[in-house]
Amino acid sequence: MRWLFRLIRNLLALLAIIIIIVIVYKSVPELSGLNPFNNDDQQTQQISPKRAHSTYTVEDNALLQNVPLGQTKQAFRWINKREFMDVSGMERMGYNDDYIAGQRGTEYILYKFGEPQMYVYQTEQDLIDDLNELNADIKLAPKDSY
């Protein structure tokens, strides 16, 4: 019986310590960077393309409509790049680990893997300027290169 009282006393002490830690983390602003209880979405510094003329969602794309956003990079690695260009109507394309850029007619398209939208540019220079700001050196190459 004595062990039961000791167990209850230890559990209450542990609960009190946990409550104190939670109160300290929630009330001290200097600890906000270390706060594991903060459920606010942390603002990650993402640079988004600024010169895009318009956007369209990935669901509008026949190739990517059935691929979950988190898997678009993996799906793109597996598919044949020349067939991808044929189906999407791209004349020139370039890619790296984070982005796909391409030319379709007079429009230039930029897609970041995992994002729900693609960015459309009217000039190649606007696309190149945004790629430079995003630190993504992508050169557009014709179908024959793939």
# chains A, B, ... in the order shown; residues from 1 in each chain; ligands from 1

$ residues_around --residues "Met93 in chain A" --least-positions-apart "6" --cutoff "10 Å" --atoms "only C-alpha atoms" --output "VMD selection string"
chain A and resid 81 to 82 84 to 85 100 to 104 108 to 110 138 to 143 145 to 146

$ write_last_selection --atoms "C-alpha atoms" --output "PDB file, in the first residue's frame"
ATOM      1  CA  LYS A  81      11.531  13.685 -70.314  1.00  0.00           C
ATOM      2  CA  ARG A  82      10.921  13.691 -74.071  1.00  0.00           C
ATOM      3  CA  PHE A  84       6.762  14.729 -70.843  1.00  0.00           C
ATOM      4  CA  MET A  85       7.647  17.522 -73.246  1.00  0.00           C
ATOM      5  CA  ILE A 100      11.093  22.702 -63.856  1.00  0.00           C
ATOM      6  CA  ALA A 101      11.172  25.496 -66.410  1.00  0.00           C
ATOM      7  CA  GLY A 102       9.935  25.276 -69.964  1.00  0.00           C
ATOM      8  CA  GLN A 103       8.736  27.060 -73.063  1.00  0.00           C
ATOM      9  CA  ARG A 104       5.350  26.302 -74.552  1.00  0.00           C
ATOM     10  CA  TYR A 108       7.392  30.316 -70.311  1.00  0.00           C
ATOM     11  CA  ILE A 109       6.430  28.124 -67.376  1.00  0.00           C
ATOM     12  CA  LEU A 110       8.095  27.638 -63.978  1.00  0.00           C
ATOM     13  CA  ILE A 138      18.297  26.366 -65.298  1.00  0.00           C
ATOM     14  CA  LYS A 139      19.042  26.442 -69.020  1.00  0.00           C
ATOM     15  CA  LEU A 140      16.222  25.603 -71.407  1.00  0.00           C
ATOM     16  CA  ALA A 141      17.172  22.878 -73.868  1.00  0.00           C
ATOM     17  CA  PRO A 142      15.266  21.486 -76.886  1.00  0.00           C
ATOM     18  CA  LYS A 143      13.676  18.023 -76.982  1.00  0.00           C
ATOM     19  CA  SER A 145      18.756  17.070 -75.604  1.00  0.00           C
ATOM     20  CA  TYR A 146      16.613  14.552 -73.724  1.00  0.00           C
TER      21      TYR A 146
END

$ atom_distance --atom1 "CA of Leu134 in chain A" --atom2 "CA of Lys112 in chain A"
10.5 Å
